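Chemist: Got run-v2.csv for you, CSV, C-alpha atoms:
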```csv
chain,number,residue,atom,x,y,z
A,398,MET,CA,-19.0,-5.5,1.0
A,399,GLU,CA,-16.7,-6.8,-1.8
A,400,ASN,CA,-18.0,-4.5,-4.5
A,401,LEU,CA,-17.8,-1.5,-2.1
A,402,LEU,CA,-14.1,-2.2,-1.7
A,403,GLU,CA,-13.3,-2.3,-5.5
A,404,VAL,CA,-10.9,0.5,-6.6
A,405,ASP,CA,-11.4,2.4,-9.9
A,406,GLU,CA,-8.0,2.0,-11.4
A,407,LEU,CA,-8.6,4.7,-14.1
A,408,SER,CA,-9.5,7.3,-11.4
A,409,LEU,CA,-6.5,6.1,-9.5
A,410,TYR,CA,-4.2,6.6,-12.5
A,411,PHE,CA,-5.5,10.2,-13.0
A,412,GLY,CA,-5.0,11.0,-9.4
A,413,GLU,CA,-8.7,11.7,-8.7
A,414,PRO,CA,-9.5,12.1,-5.0
A,415,TYR,CA,-11.0,9.0,-3.4
A,416,VAL,CA,-14.1,9.7,-1.3
A,417,VAL,CA,-14.3,7.1,1.6
A,418,ASN,CA,-17.3,8.7,3.2
A,419,GLU,CA,-18.6,12.2,3.9
A,420,TYR,CA,-15.8,12.9,6.3
A,421,ILE,CA,-12.8,11.2,4.7
A,422,THR,CA,-11.2,11.8,1.3
A,423,ILE,CA,-7.8,10.4,0.2
A,424,THR,CA,-5.6,12.3,-2.3
A,425,LEU,CA,-2.6,10.5,-3.5
A,426,PRO,CA,0.6,12.6,-3.7
A,427,LYS,CA,2.8,13.4,-6.6
A,428,ILE,CA,6.4,12.1,-6.7
A,429,GLY,CA,7.7,15.6,-5.7
A,430,GLU,CA,5.4,15.7,-2.7
A,431,VAL,CA,6.7,12.3,-1.5
A,432,VAL,CA,10.3,13.6,-1.9
A,433,LYS,CA,9.5,16.7,0.1
A,434,TYR,CA,7.6,14.8,2.8
A,435,GLY,CA,10.3,12.1,3.1
A,436,GLU,CA,10.2,8.8,1.2
A,437,ARG,CA,11.1,6.6,4.3
A,438,GLN,CA,8.5,8.3,6.5
A,439,TYR,CA,5.8,8.1,3.8
A,440,TYR,CA,6.1,4.4,3.2
A,441,SER,CA,6.4,3.8,7.0
A,442,MET,CA,3.0,5.6,7.4
A,443,ILE,CA,1.5,3.5,4.5
A,444,GLN,CA,2.7,0.3,6.2
A,445,THR,CA,1.1,1.4,9.5
A,446,ILE,CA,-2.3,2.2,8.0
A,447,THR,CA,-2.5,-1.0,6.0
A,448,ALA,CA,-0.9,-3.3,8.5
A,449,ILE,CA,-2.7,-6.5,9.4
A,450,PRO,CA,-2.1,-8.7,12.5
A,451,SER,CA,0.1,-11.1,10.5
A,452,ASP,CA,2.5,-8.2,10.0
A,453,MET,CA,2.9,-7.6,13.8
A,454,LYS,CA,3.1,-11.1,15.3
A,455,SER,CA,5.9,-10.4,17.9
A,456,GLN,CA,4.6,-6.9,18.8
A,457,LEU,CA,1.1,-8.2,19.5
A,458,PHE,CA,2.6,-11.1,21.5
A,459,ASP,CA,4.5,-8.7,23.6
A,460,MET,CA,1.2,-7.0,24.4
A,461,GLY,CA,-0.3,-10.3,25.5
A,462,LEU,CA,-2.3,-10.7,22.3
A,463,ASP,CA,-2.5,-13.6,19.8
A,464,TRP,CA,-2.2,-12.3,16.3
A,465,THR,CA,-4.5,-15.0,14.9
A,466,GLN,CA,-7.3,-13.8,17.2
A,467,VAL,CA,-7.0,-10.0,16.4
A,468,GLU,CA,-9.2,-8.6,13.6
A,469,ASP,CA,-7.7,-6.2,11.0
A,470,PHE,CA,-10.0,-3.4,12.1
A,471,GLN,CA,-9.1,-4.0,15.8
A,472,LEU,CA,-5.4,-3.6,14.9
A,473,PHE,CA,-6.1,-0.4,13.0
A,474,MET,CA,-7.9,1.1,16.0
A,475,MET,CA,-4.9,0.3,18.1
A,476,LEU,CA,-2.5,1.9,15.6
A,477,ALA,CA,-4.6,5.0,14.8
A,478,PRO,CA,-3.3,7.0,17.9
A,479,THR,CA,0.2,6.6,16.5
A,480,LEU,CA,-0.8,8.6,13.4
A,481,PRO,CA,-0.4,12.4,14.0
A,482,LYS,CA,-2.1,14.8,11.7
A,483,ASP,CA,1.2,16.3,10.5
A,484,LYS,CA,2.1,12.9,9.2
A,485,THR,CA,-1.1,11.9,7.5
A,486,TYR,CA,-2.0,15.3,5.9
A,487,ILE,CA,-0.3,14.2,2.7
A,488,LEU,CA,-3.1,11.7,2.1
A,489,PHE,CA,-6.0,12.7,4.4
A,490,GLY,CA,-5.7,16.4,4.7
A,491,ASP,CA,-7.3,17.7,7.9
A,492,LEU,CA,-8.4,14.3,9.1
A,493,ASP,CA,-7.0,13.8,12.7
A,494,PHE,CA,-6.7,10.1,13.6
A,495,GLN,CA,-5.4,10.9,17.0
A,496,ALA,CA,-8.6,12.8,17.9
A,497,MET,CA,-10.7,9.7,17.2
A,498,ARG,CA,-11.9,7.6,20.1
A,499,PRO,CA,-13.6,4.2,20.1
A,500,PHE,CA,-17.4,4.4,20.3
A,501,GLN,CA,-20.0,1.6,20.4
A,502,ASN,CA,-22.9,1.8,18.0
A,503,LYS,CA,-25.9,1.3,20.3
A,504,GLN,CA,-28.0,0.0,17.4
A,505,ASN,CA,-25.8,-2.9,16.3
A,506,GLY,CA,-23.1,-3.0,19.0
A,507,ALA,CA,-20.3,-2.4,16.5
A,508,VAL,CA,-17.3,-0.4,17.7
A,509,VAL,CA,-16.2,2.5,15.5
A,510,LEU,CA,-13.6,5.3,15.7
A,511,ARG,CA,-15.2,8.7,16.0
A,512,ASN,CA,-14.0,12.3,16.5
A,513,PRO,CA,-16.5,13.7,19.0
A,514,ASP,CA,-15.7,17.3,17.9
A,515,THR,CA,-16.1,16.9,14.1
A,516,GLY,CA,-18.3,13.8,14.0
A,517,ALA,CA,-15.9,12.1,11.6
A,518,VAL,CA,-16.3,8.3,11.7
A,519,ILE,CA,-14.3,5.3,10.6
A,520,ASP,CA,-16.2,2.1,10.9
A,521,GLU,CA,-15.1,-1.3,9.6
A,522,LEU,CA,-16.4,-0.5,6.1
A,523,ALA,CA,-14.6,2.8,5.9
A,524,TYR,CA,-11.4,1.1,7.2
A,525,GLY,CA,-11.8,-1.5,4.5
A,526,LYS,CA,-12.1,1.1,1.8
A,527,ILE,CA,-9.0,3.0,3.1
A,528,SER,CA,-6.9,-0.1,3.3
A,529,SER,CA,-8.0,-1.5,0.0
A,530,TYR,CA,-7.4,1.8,-1.8
A,531,LEU,CA,-4.0,2.3,-0.3
A,532,CYS,CA,-2.9,-1.3,-1.0
A,533,SER,CA,-4.0,-0.9,-4.7
A,534,ALA,CA,-2.3,2.5,-5.0
A,535,HIS,CA,1.0,1.2,-3.7
A,536,ASN,CA,0.8,-2.3,-5.1
A,537,LEU,CA,0.7,-4.0,-1.7
A,538,THR,CA,-0.6,-7.5,-1.1
A,539,LYS,CA,-1.8,-8.5,2.4
A,540,LYS,CA,-0.3,-11.8,3.5
A,541,VAL,CA,-2.5,-13.5,6.1
A,542,GLU,CA,-0.6,-16.1,8.0
A,543,LYS,CA,-2.0,-18.7,10.3
A,544,ALA,CA,-0.2,-21.3,12.6
A,545,ALA,CA,-1.1,-25.0,12.5
A,546,ASN,CA,-0.2,-25.4,16.2
A,547,GLU,CA,1.3,-23.6,19.2
A,548,PHE,CA,4.8,-24.7,18.4
A,549,THR,CA,4.6,-23.3,14.9
A,550,LYS,CA,3.0,-20.1,16.3
A,551,LYS,CA,5.9,-19.6,18.7
A,552,PHE,CA,8.4,-20.2,15.9
A,553,MET,CA,6.7,-17.7,13.6
A,554,ILE,CA,6.7,-15.1,16.4
A,555,GLU,CA,10.4,-15.6,17.0
A,556,GLU,CA,11.1,-15.5,13.3
A,557,ASP,CA,9.2,-12.2,13.1
A,558,ARG,CA,11.2,-10.8,16.0
A,559,GLN,CA,14.5,-11.6,14.3
A,560,LYS,CA,13.4,-10.1,11.0
A,561,ILE,CA,12.5,-6.8,12.7
A,562,ALA,CA,15.8,-6.7,14.6
A,563,TYR,CA,17.7,-7.4,11.3
A,564,ASN,CA,15.9,-4.8,9.4
A,565,GLN,CA,16.5,-2.2,12.1
A,566,LYS,CA,20.2,-2.6,11.7
A,567,GLN,CA,20.2,-2.2,7.9
A,568,PRO,CA,20.8,1.2,6.3
A,569,TYR,CA,17.9,2.7,4.5
A,570,LYS,CA,17.9,2.4,0.7
A,571,SER,CA,15.7,4.5,-1.4
A,572,PHE,CA,12.9,2.5,-3.1
A,573,LEU,CA,12.0,5.3,-5.6
A,574,ARG,CA,15.5,6.5,-6.6
A,575,PRO,CA,16.6,3.6,-8.9
A,576,LEU,CA,13.1,3.5,-10.4
A,577,ILE,CA,13.1,7.3,-11.2
A,578,SER,CA,16.6,7.1,-12.5
A,579,ALA,CA,15.7,4.2,-14.8
A,580,VAL,CA,12.7,5.9,-16.2
A,581,LYS,CA,14.6,9.2,-16.7
A,582,CYS,CA,17.4,7.5,-18.6
A,583,ARG,CA,15.1,5.3,-20.7
A,584,MET,CA,12.4,7.8,-21.5
A,585,GLY,CA,14.4,11.1,-21.3
A,586,TYR,CA,12.1,12.6,-18.7
A,587,THR,CA,13.4,15.6,-16.8
A,588,LEU,CA,13.4,15.7,-13.0
A,589,ASP,CA,10.7,18.4,-13.0
A,590,TYR,CA,8.5,16.1,-15.2
A,591,VAL,CA,8.9,13.2,-12.9
A,592,LYS,CA,8.2,15.4,-9.8
A,593,ASN,CA,4.8,16.3,-11.2
A,594,MET,CA,3.8,12.7,-11.9
A,595,GLY,CA,1.3,11.1,-9.6
A,596,LEU,CA,2.8,8.3,-7.5
A,597,TYR,CA,0.4,5.6,-8.9
A,598,GLU,CA,0.8,7.1,-12.4
A,599,PHE,CA,4.6,6.8,-12.2
A,600,MET,CA,4.5,3.2,-10.9
A,601,ASP,CA,2.0,2.2,-13.6
A,602,ASP,CA,4.0,3.8,-16.3
A,603,LEU,CA,7.1,2.0,-15.0
A,604,ASN,CA,5.3,-1.4,-15.2
A,605,ARG,CA,4.0,-0.5,-18.7
A,606,LEU,CA,7.5,0.4,-19.8
A,607,GLN,CA,8.7,-3.1,-18.8
A,608,VAL,CA,5.9,-4.7,-20.7
A,609,ILE,CA,6.8,-2.6,-23.8
A,610,VAL,CA,10.5,-3.5,-23.6
A,611,ASN,CA,9.7,-7.2,-23.2
A,612,ALA,CA,7.2,-7.2,-26.1
A,613,ASP,CA,9.7,-5.4,-28.4
A,614,ALA,CA,12.4,-7.9,-27.5
A,615,LEU,CA,10.1,-10.8,-28.3
A,616,LEU,CA,9.1,-9.2,-31.6
A,617,GLN,CA,12.7,-8.6,-32.6
A,618,GLY,CA,13.6,-12.2,-31.6
A,619,SER,CA,10.7,-13.6,-33.6
A,620,TYR,CA,11.7,-11.6,-36.7
A,621,SER,CA,15.3,-12.8,-36.5
A,622,GLY,CA,14.3,-16.4,-35.9
A,623,MET,CA,16.1,-16.5,-32.6
A,624,VAL,CA,12.9,-17.1,-30.6
A,625,ASP,CA,10.5,-20.0,-30.9
A,626,THR,CA,7.2,-18.1,-30.7
A,627,SER,CA,5.1,-21.2,-30.7
A,628,LYS,CA,5.8,-21.6,-26.9
A,629,ILE,CA,5.1,-18.0,-26.0
A,630,PRO,CA,1.6,-16.8,-25.1
A,631,LYS,CA,0.4,-14.4,-27.9
A,632,LYS,CA,-0.6,-11.8,-25.2
A,633,ASN,CA,3.1,-11.3,-24.4
A,634,PHE,CA,3.5,-9.6,-27.8
A,635,ASP,CA,0.7,-7.1,-27.0
A,636,TRP,CA,2.3,-4.1,-25.2
A,637,CYS,CA,-1.2,-2.6,-24.7
A,638,ARG,CA,-2.5,-5.5,-22.7
A,639,SER,CA,-3.7,-5.3,-19.1
A,640,ILE,CA,-0.9,-5.6,-16.6
A,641,GLU,CA,-1.3,-8.4,-14.2
A,642,LYS,CA,-0.5,-7.3,-10.6
```
With the file now loaded, output its structure as structure tokens.
Modeler:
Amino acid sequence: MENLLEVDELSLYFGEPYVVNEYITITLPKIGEVVKYGERQYYSMIQTITAIPSDMKSQLFDMGLDWTQVEDFQLFMMLAPTLPKDKTYILFGDLDFQAMRPFQNKQNGAVVLRNPDTGAVIDELAYGKISSYLCSAHNLTKKVEKAANEFTKKFMIEEDRQKIAYNQKQPYKSFLRPLISAVKCRMGYTLDYVKNMGLYEFMDDLNRLQVIVNADALLQGSYSGMVDTSKIPKKNFDWCRSIEK
């Protein structure tokens, strides 16, 4: 399954639609579309779709479930009904998560989500593709957490509950605004130019800009004799190098 979950970063950069299966295609939005949709709502939706049990320790506990015993796809099937079509259209178009129901495959016993009207299906492989693609597109890393014993498990649940309560009290701060402002000021982009950039394209360009600035600073320092280049990896001077995520 590993190869099937690999994401083509070049297609991602150019904003090409990502075909999950015959029923599901993901199209990443442009910056302007995220602004129009609502930045906070957009990232909240992304977090819901890509959530794993470790992200929801206390919520699952309150439902009588042990997060360490819940599979990622099981959690997704639980969260799918909370994703109305008017919220997911920006990524999935006409796909309706709320119309999907659990069905058991009689041949292998696997449970899948299926829309009885359209035939659209999300099985564990399709879910893996969706999650892997969205994590790559938004630079998200899944953090799987386990507990060594019951005491540690209870502590982690309470810690999660406190973190949620704290975050709910904090005013929302835009994630994109300072990044857009920085790129505009540094590169001289107009707002209209940025609005028409793909979300992944913009974030990748921002990372590339940081690499270029750092490489230029190292080169200037080496020419002036202010930097001991013998202790700096040669790749750090190459602003065309691959960016490590």
Chemist: Which one of A:Leu606, A:Val417, A:Ala496, A:Leu476 sits closest to Leu402 in chain A if you count all atoms listed in the file?
Modeler: A:Val417
Chemist: Please tell me which residues are no farther than 10 Å from (4.9, 11.9, -4.0) in the file, counting all atoms listed in the file, and write them as a PyMOL selection string.
Modeler: chain A and resi 425-436+439+487+573+591-597+599
Chemist: Considering all atoms listed in the file, return as a list in words whatever protein or nucleic-acid residues lie within 9 Å of Lys540 in chain A, sequence-local ones (same chain, fewer than 4 positions apart) excluded.
Modeler: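 In the requested format, the answer is Ile449, Ser451 and Asp452 of chain A.
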Chemist: Which value, in Å to one decimal, gives the distance between CA of Asp514 in chain A and CA of Ser441 in chain A?
Modeler: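 It comes out at 28.1 Å.
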Chemist: Which of these, A:Asp602, A:Gln567, A:Gly618, A:Arg498, has the shortest distance to Lys581 in chain A once you count all atoms listed in the file?
Modeler: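 Closest residue, counting all atoms listed in the file: A:Asp602.
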Chemist: Using all atoms listed in the file, which of A:Leu531, A:Ile423, A:Ala523, A:Leu462 sits nearest Tyr486 in chain A?
Modeler: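 Answer, going by the shortest atom-to-atom distance: A:Ile423.
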Chemist: Can you work out the spacing between CA of Asp520 in chain A and CA of Val508 in chain A in Å, to one decimal?
Modeler: 7.3 Å
Chemist: Rank A:Cys582, A:Ala544, A:Leu537, A:Leu616 by their smallest atom-to-atom distance to Asp463 in chain A, using only C-alpha atoms, and report the top residue only.
Modeler: A:Ala544
Chemist: In Å, rounded to a single decimal, give me how far CA of Trp636 in chain A is from CA of Val608 in chain A.
Modeler: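 Between CA of Val608 in chain A and CA of Trp636 in chain A the gap is 5.8 Å.
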Chemist: Can you find the residues with an atom no farther than 10 Å from (-1.7, 0.2, -5.1), counting all atoms listed in the file, and report them as an NGL selection string?
Modeler: :A and (404 or 406 or 409 or 528-538 or 596-597 or 600-601 or 642)
Chemist: Please rebuild range 433-449 of chain A with N, CA and C atoms and return the result as a JSON list (two decimals), in the coordinates of the input.
Modeler:
```
[["chain", "number", "residue", "atom", "x", "y", "z"],
["A", 433, "LYS", "N", 9.50, 15.64, -0.85],
["A", 433, "LYS", "CA", 9.50, 16.70, 0.10],
["A", 433, "LYS", "C", 9.07, 16.21, 1.51],
["A", 434, "TYR", "N", 8.11, 15.33, 1.54],
["A", 434, "TYR", "CA", 7.60, 14.80, 2.80],
["A", 434, "TYR", "C", 8.65, 13.86, 3.45],
["A", 435, "GLY", "N", 9.33, 13.08, 2.61],
["A", 435, "GLY", "CA", 10.30, 12.10, 3.10],
["A", 435, "GLY", "C", 9.85, 10.70, 2.69],
["A", 436, "GLU", "N", 10.59, 10.09, 1.79],
["A", 436, "GLU", "CA", 10.20, 8.80, 1.20],
["A", 436, "GLU", "C", 10.07, 7.72, 2.34],
["A", 437, "ARG", "N", 11.07, 7.67, 3.21],
["A", 437, "ARG", "CA", 11.10, 6.60, 4.30],
["A", 437, "ARG", "C", 9.88, 6.80, 5.18],
["A", 438, "GLN", "N", 9.61, 8.04, 5.59],
["A", 438, "GLN", "CA", 8.50, 8.30, 6.50],
["A", 438, "GLN", "C", 7.15, 8.02, 5.80],
["A", 439, "TYR", "N", 7.10, 8.32, 4.50],
["A", 439, "TYR", "CA", 5.80, 8.10, 3.80],
["A", 439, "TYR", "C", 5.48, 6.62, 3.73],
["A", 440, "TYR", "N", 6.43, 5.78, 3.33],
["A", 440, "TYR", "CA", 6.10, 4.40, 3.20],
["A", 440, "TYR", "C", 5.94, 3.71, 4.60],
["A", 441, "SER", "N", 6.58, 4.26, 5.61],
["A", 441, "SER", "CA", 6.40, 3.80, 7.00],
["A", 441, "SER", "C", 4.91, 4.05, 7.39],
["A", 442, "MET", "N", 4.40, 5.22, 7.04],
["A", 442, "MET", "CA", 3.00, 5.60, 7.40],
["A", 442, "MET", "C", 2.06, 4.62, 6.61],
["A", 443, "ILE", "N", 2.32, 4.38, 5.33],
["A", 443, "ILE", "CA", 1.50, 3.50, 4.50],
["A", 443, "ILE", "C", 1.44, 2.10, 5.17],
["A", 444, "GLN", "N", 2.59, 1.62, 5.60],
["A", 444, "GLN", "CA", 2.70, 0.30, 6.20],
["A", 444, "GLN", "C", 1.87, 0.25, 7.52],
["A", 445, "THR", "N", 1.90, 1.35, 8.27],
["A", 445, "THR", "CA", 1.10, 1.40, 9.50],
["A", 445, "THR", "C", -0.36, 1.34, 9.26],
["A", 446, "ILE", "N", -0.83, 2.12, 8.30],
["A", 446, "ILE", "CA", -2.30, 2.20, 8.00],
["A", 446, "ILE", "C", -2.79, 0.88, 7.46],
["A", 447, "THR", "N", -2.00, 0.22, 6.63],
["A", 447, "THR", "CA", -2.50, -1.00, 6.00],
["A", 447, "THR", "C", -2.05, -2.28, 6.68],
["A", 448, "ALA", "N", -1.39, -2.15, 7.82],
["A", 448, "ALA", "CA", -0.90, -3.30, 8.50],
["A", 448, "ALA", "C", -2.05, -4.25, 8.95],
["A", 449, "ILE", "N", -1.76, -5.55, 8.91],
["A", 449, "ILE", "CA", -2.70, -6.50, 9.40],
["A", 449, "ILE", "C", -2.00, -7.32, 10.53]]
```
